[in-house]
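Q: One file: final.tsv (TSV, C-alpha atoms).
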```
chain	number	residue	atom	x	y	z
A	1	MET	CA	-18.96	31.51	-57.51
A	2	LEU	CA	-18.37	31.18	-53.76
A	3	ARG	CA	-18.01	34.95	-53.39
A	4	LEU	CA	-21.28	35.37	-55.24
A	5	ILE	CA	-23.04	33.16	-52.67
A	6	SER	CA	-21.77	35.44	-49.90
A	7	LEU	CA	-23.01	38.48	-51.77
A	8	VAL	CA	-26.44	36.89	-52.32
A	9	LEU	CA	-26.72	36.12	-48.60
A	10	MET	CA	-25.89	39.75	-47.76
A	11	PHE	CA	-28.56	40.97	-50.16
A	12	TYR	CA	-31.01	38.46	-48.71
A	13	SER	CA	-30.39	39.92	-45.24
A	14	TYR	CA	-30.97	43.41	-46.60
A	15	PHE	CA	-34.20	42.25	-48.27
A	16	LEU	CA	-35.29	40.50	-45.07
A	17	ILE	CA	-34.83	43.62	-42.96
A	18	ARG	CA	-36.33	45.92	-45.58
A	19	THR	CA	-39.50	43.85	-45.98
A	20	ARG	CA	-40.09	42.98	-42.31
A	21	LEU	CA	-39.06	46.18	-40.53
A	22	SER	CA	-42.43	47.92	-40.89
A	23	ASN	CA	-44.29	44.89	-39.46
A	24	LEU	CA	-42.25	44.72	-36.26
A	25	PRO	CA	-43.36	46.17	-32.91
A	26	PRO	CA	-41.66	49.40	-31.75
A	27	CYS	CA	-39.57	47.43	-29.24
A	28	ILE	CA	-37.92	44.14	-30.25
A	29	PRO	CA	-35.57	41.74	-28.47
A	30	THR	CA	-31.97	42.62	-29.27
A	31	HIS	CA	-30.08	40.42	-26.83
A	32	PHE	CA	-30.61	36.86	-25.65
A	33	ASP	CA	-29.20	34.82	-22.78
A	34	ALA	CA	-27.54	31.43	-23.21
A	35	ALA	CA	-30.93	29.68	-23.05
A	36	GLY	CA	-32.25	31.84	-25.89
A	37	ASN	CA	-34.52	34.03	-23.76
A	38	ALA	CA	-34.70	37.72	-24.58
A	39	ASN	CA	-32.98	39.90	-21.98
A	40	GLY	CA	-32.34	43.09	-23.94
A	41	TRP	CA	-34.69	45.28	-25.97
A	42	GLY	CA	-34.34	47.99	-28.57
A	43	SER	CA	-35.62	49.57	-31.73
A	44	PRO	CA	-36.24	47.46	-34.85
A	45	ASN	CA	-33.64	49.68	-36.52
A	46	THR	CA	-30.96	47.80	-34.57
A	47	LEU	CA	-31.37	45.05	-37.19
A	48	TRP	CA	-29.39	47.32	-39.53
A	49	PHE	CA	-26.41	46.97	-37.18
A	50	LEU	CA	-26.57	43.20	-37.63
A	51	LEU	CA	-26.49	43.75	-41.39
A	52	ILE	CA	-23.52	46.10	-41.07
A	53	ALA	CA	-21.69	43.50	-38.95
A	54	GLN	CA	-22.53	40.85	-41.55
A	55	VAL	CA	-21.19	42.95	-44.42
A	56	VAL	CA	-18.01	43.93	-42.57
A	57	THR	CA	-17.33	40.32	-41.56
A	58	GLY	CA	-17.97	39.05	-45.07
A	59	VAL	CA	-15.71	41.68	-46.61
A	60	VAL	CA	-12.90	40.91	-44.17
A	61	PHE	CA	-13.00	37.21	-45.07
A	62	LEU	CA	-13.05	37.97	-48.78
A	63	PHE	CA	-10.21	40.51	-48.38
A	64	VAL	CA	-7.75	38.12	-46.68
A	65	PRO	CA	-6.59	36.40	-49.92
A	66	TYR	CA	-5.90	39.79	-51.48
A	67	MET	CA	-3.84	40.72	-48.42
A	68	GLY	CA	-2.03	37.39	-48.68
A	69	ARG	CA	-1.07	38.18	-52.24
A	70	ARG	CA	0.03	41.75	-51.47
A	71	PHE	CA	1.41	41.31	-47.94
A	72	PRO	CA	2.10	37.61	-47.25
A	73	GLY	CA	3.76	38.43	-43.94
A	74	ILE	CA	0.47	39.39	-42.28
A	75	VAL	CA	-1.45	36.19	-43.12
A	76	ASN	CA	-1.00	33.39	-40.59
A	77	LEU	CA	-1.62	29.80	-41.60
A	78	GLY	CA	-1.50	27.77	-38.44
A	79	THR	CA	1.96	28.21	-36.97
A	80	ARG	CA	3.49	29.83	-40.06
A	81	ARG	CA	3.00	32.99	-42.02
A	82	LEU	CA	2.36	32.89	-45.74
A	83	SER	CA	5.68	34.72	-46.21
A	84	ASP	CA	7.51	31.73	-44.65
A	85	TYR	CA	6.77	29.75	-47.82
A	86	THR	CA	8.68	30.04	-51.08
A	87	PRO	CA	7.06	32.00	-53.92
A	88	ALA	CA	6.24	28.72	-55.69
A	89	GLN	CA	4.58	27.36	-52.56
A	90	GLN	CA	2.68	30.63	-52.07
A	91	ALA	CA	1.36	30.36	-55.62
A	92	ARG	CA	-0.03	26.90	-54.83
A	93	ILE	CA	-1.36	27.93	-51.40
A	94	LEU	CA	-3.17	31.13	-52.43
A	95	PRO	CA	-6.03	29.35	-54.28
A	96	LEU	CA	-6.62	27.24	-51.16
A	97	LEU	CA	-6.61	30.38	-49.01
A	98	HIS	CA	-9.11	31.92	-51.44
A	99	ASP	CA	-11.46	28.95	-51.11
A	100	MET	CA	-11.05	28.74	-47.34
A	101	MET	CA	-11.94	32.39	-46.84
A	102	ALA	CA	-14.87	32.14	-49.27
A	103	TYR	CA	-16.33	29.21	-47.32
A	104	MET	CA	-15.78	31.06	-44.03
A	105	SER	CA	-17.55	34.08	-45.50
A	106	ILE	CA	-20.50	31.93	-46.57
A	107	LEU	CA	-20.64	30.35	-43.13
A	108	MET	CA	-20.62	33.72	-41.35
A	109	ASN	CA	-23.26	35.07	-43.71
A	110	LEU	CA	-25.48	32.05	-43.03
A	111	PHE	CA	-25.04	32.63	-39.30
A	112	PHE	CA	-26.14	36.25	-39.64
A	113	VAL	CA	-29.12	35.25	-41.80
A	114	PHE	CA	-30.22	32.73	-39.15
A	115	MET	CA	-29.77	35.33	-36.43
A	116	LEU	CA	-31.77	37.96	-38.33
A	117	GLN	CA	-34.56	35.47	-39.01
A	118	GLY	CA	-34.50	34.40	-35.37
A	119	VAL	CA	-34.67	37.94	-34.01
A	120	ILE	CA	-37.46	38.89	-36.43
A	121	HIS	CA	-39.41	35.78	-35.47
A	122	ALA	CA	-38.80	36.34	-31.75
A	123	ALA	CA	-40.02	39.95	-32.08
A	124	THR	CA	-43.44	38.70	-33.14
A	125	GLN	CA	-43.83	36.21	-30.27
A	126	SER	CA	-45.40	36.83	-26.86
A	127	HIS	CA	-42.42	35.10	-25.18
A	128	PRO	CA	-39.45	36.05	-27.38
A	129	GLN	CA	-36.88	33.33	-27.63
A	130	LEU	CA	-34.20	32.37	-30.14
A	131	PRO	CA	-33.96	28.75	-31.18
A	132	ALA	CA	-31.58	26.65	-29.11
A	133	ALA	CA	-27.89	27.21	-29.63
A	134	TRP	CA	-27.77	25.28	-32.91
A	135	PRO	CA	-26.84	28.31	-35.08
A	136	LEU	CA	-23.88	29.05	-32.81
A	137	GLY	CA	-22.96	25.37	-32.69
A	138	LEU	CA	-23.17	25.20	-36.47
A	139	LEU	CA	-20.95	28.27	-36.76
A	140	LEU	CA	-18.31	27.01	-34.33
A	141	GLY	CA	-18.28	23.41	-35.54
A	142	SER	CA	-18.19	24.34	-39.20
A	143	SER	CA	-15.52	27.00	-38.63
A	144	LEU	CA	-13.34	24.45	-36.89
A	145	PHE	CA	-13.88	21.89	-39.66
A	146	ILE	CA	-13.13	24.38	-42.46
A	147	THR	CA	-10.02	25.67	-40.68
A	148	LEU	CA	-8.58	22.23	-39.95
A	149	TYR	CA	-9.44	20.90	-43.41
A	150	TYR	CA	-7.78	23.79	-45.23
A	151	LEU	CA	-4.75	23.98	-42.94
A	152	ARG	CA	-4.16	20.30	-43.63
A	153	ARG	CA	-4.50	20.86	-47.39
A	154	ILE	CA	-2.20	23.89	-47.21
A	155	THR	CA	0.43	21.87	-45.31
A	156	ARG	CA	0.25	19.07	-47.88
A	157	THR	CA	0.37	21.50	-50.78
A	158	ALA	CA	3.40	23.26	-49.33
A	159	LYS	CA	5.25	19.94	-49.13
A	160	GLU	CA	4.56	19.04	-52.76
A	161	GLU	CA	7.26	19.57	-55.30
A	162	GLY	CA	6.52	22.41	-57.66
A	163	PRO	CA	7.08	22.32	-61.41
A	164	ALA	CA	10.79	22.21	-62.23
```
Here is the file; what I need is its structure written in the form of structure tokens.
A:
Amino acid sequence: MLRLISLVLMFYSYFLIRTRLSNLPPCIPTHFDAAGNANGWGSPNTLWFLLIAQVVTGVVFLFVPYMGRRFPGIVNLGTRRLSDYTPAQQARILPLLHDMMAYMSILMNLFFVFMLQGVIHAATQSHPQLPAAWPLGLLLGSSLFITLYYLRRITRTAKEEGPA
């Protein structure tokens, strides 16, 4: 279900670009300073690069659990690799890793949706500006929360006794 939410957000971004692209001016803001003021300009087609970045990021997050299953030595969990755990511990940790990466994917997709909406809105304004830094703050704060929450759960789960 969580992966489906990520997919829906990607399709929403595609729909957003597809429906709004023809209504945008020939030159839109493509870069913003820390205060949210536009300081770089480009073609409306640059919105497709945001979508590509969104899709690649989402796929990477959703691919990590698969890599953990196939190659546990390349997945780091805090200070340890997944391969440092016993096979029984790995079996209990992998569902948590799956959920963690799904939530991170949703969070990144939401960030890209907010950015696309912000850029499209800014392109139609006489003084283009993105909203304050709340989308970035939401991304960073939520990423930190998700990471710490799941690393704590993974540590606890690894310490539990498995079925005998």
Q: Go ahead and compute the interatomic distance for atom CA of Ile93 of chain A and atom CA of Phe63 of chain A, in Å to one decimal.
A: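 Calculated distance between atom CA of Ile93 of chain A and atom CA of Phe63 of chain A is 15.7 Å.
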Q: Rounded to one decimal in Å, what is the spacing between atom CA of Tyr12 of chain A and atom CA of His127 of chain A?
A: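 So the answer is 26.4 Å.
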Q: At a cut-off of 10 Å, using only C-alpha atoms, what residues contact Ala158 of chain A? Leave out same-chain residues fewer than 2 positions from it and give the result as a VMD selection string.
A: chain A and resid 85 to 86 88 to 93 152 to 156 160 to 162
Q: Which of these residues is nearest to Asp99 of chain A, using all atoms listed in the file: A:Leu9, A:Ala123, A:Met1, A:Met115?
A: A:Met1
Q: Which neighbours of Gln117 of chain A fall inside 12 Å, counting all atoms listed in the file, when residues of the same chain fewer than 4 positions from it are skipped, and could you give them as a ChimeraX atom specification?
A: /A:12-17,19-21,47,50-51,110-113,121-124,129-131,135
Q: Give the answer as one residue: which of A:Gln54, A:Gln125, A:Asn76, A:Asn109 has the shortest atom-to-atom distance to Ile28 of chain A, using all atoms listed in the file?
A: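 Of all the options, A:Gln125 lies closest to Ile28 of chain A.
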Q: Just checking: using all atoms listed in the file, which residue out of A:Ile120, A:Leu94, A:Ile52, A:Met100 ends up closest to Arg70 of chain A?
A: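 Looking only at the distances to Arg70 of chain A, the closest residue turns out to be A:Leu94.
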Q: Residues within 7 Å of His31 of chain A, please, as a PyMOL selection string. Count all atoms listed in the file; anything in the same chain fewer than 2 positions from it doesn't count.
A: chain A and resi 29+33+38-41
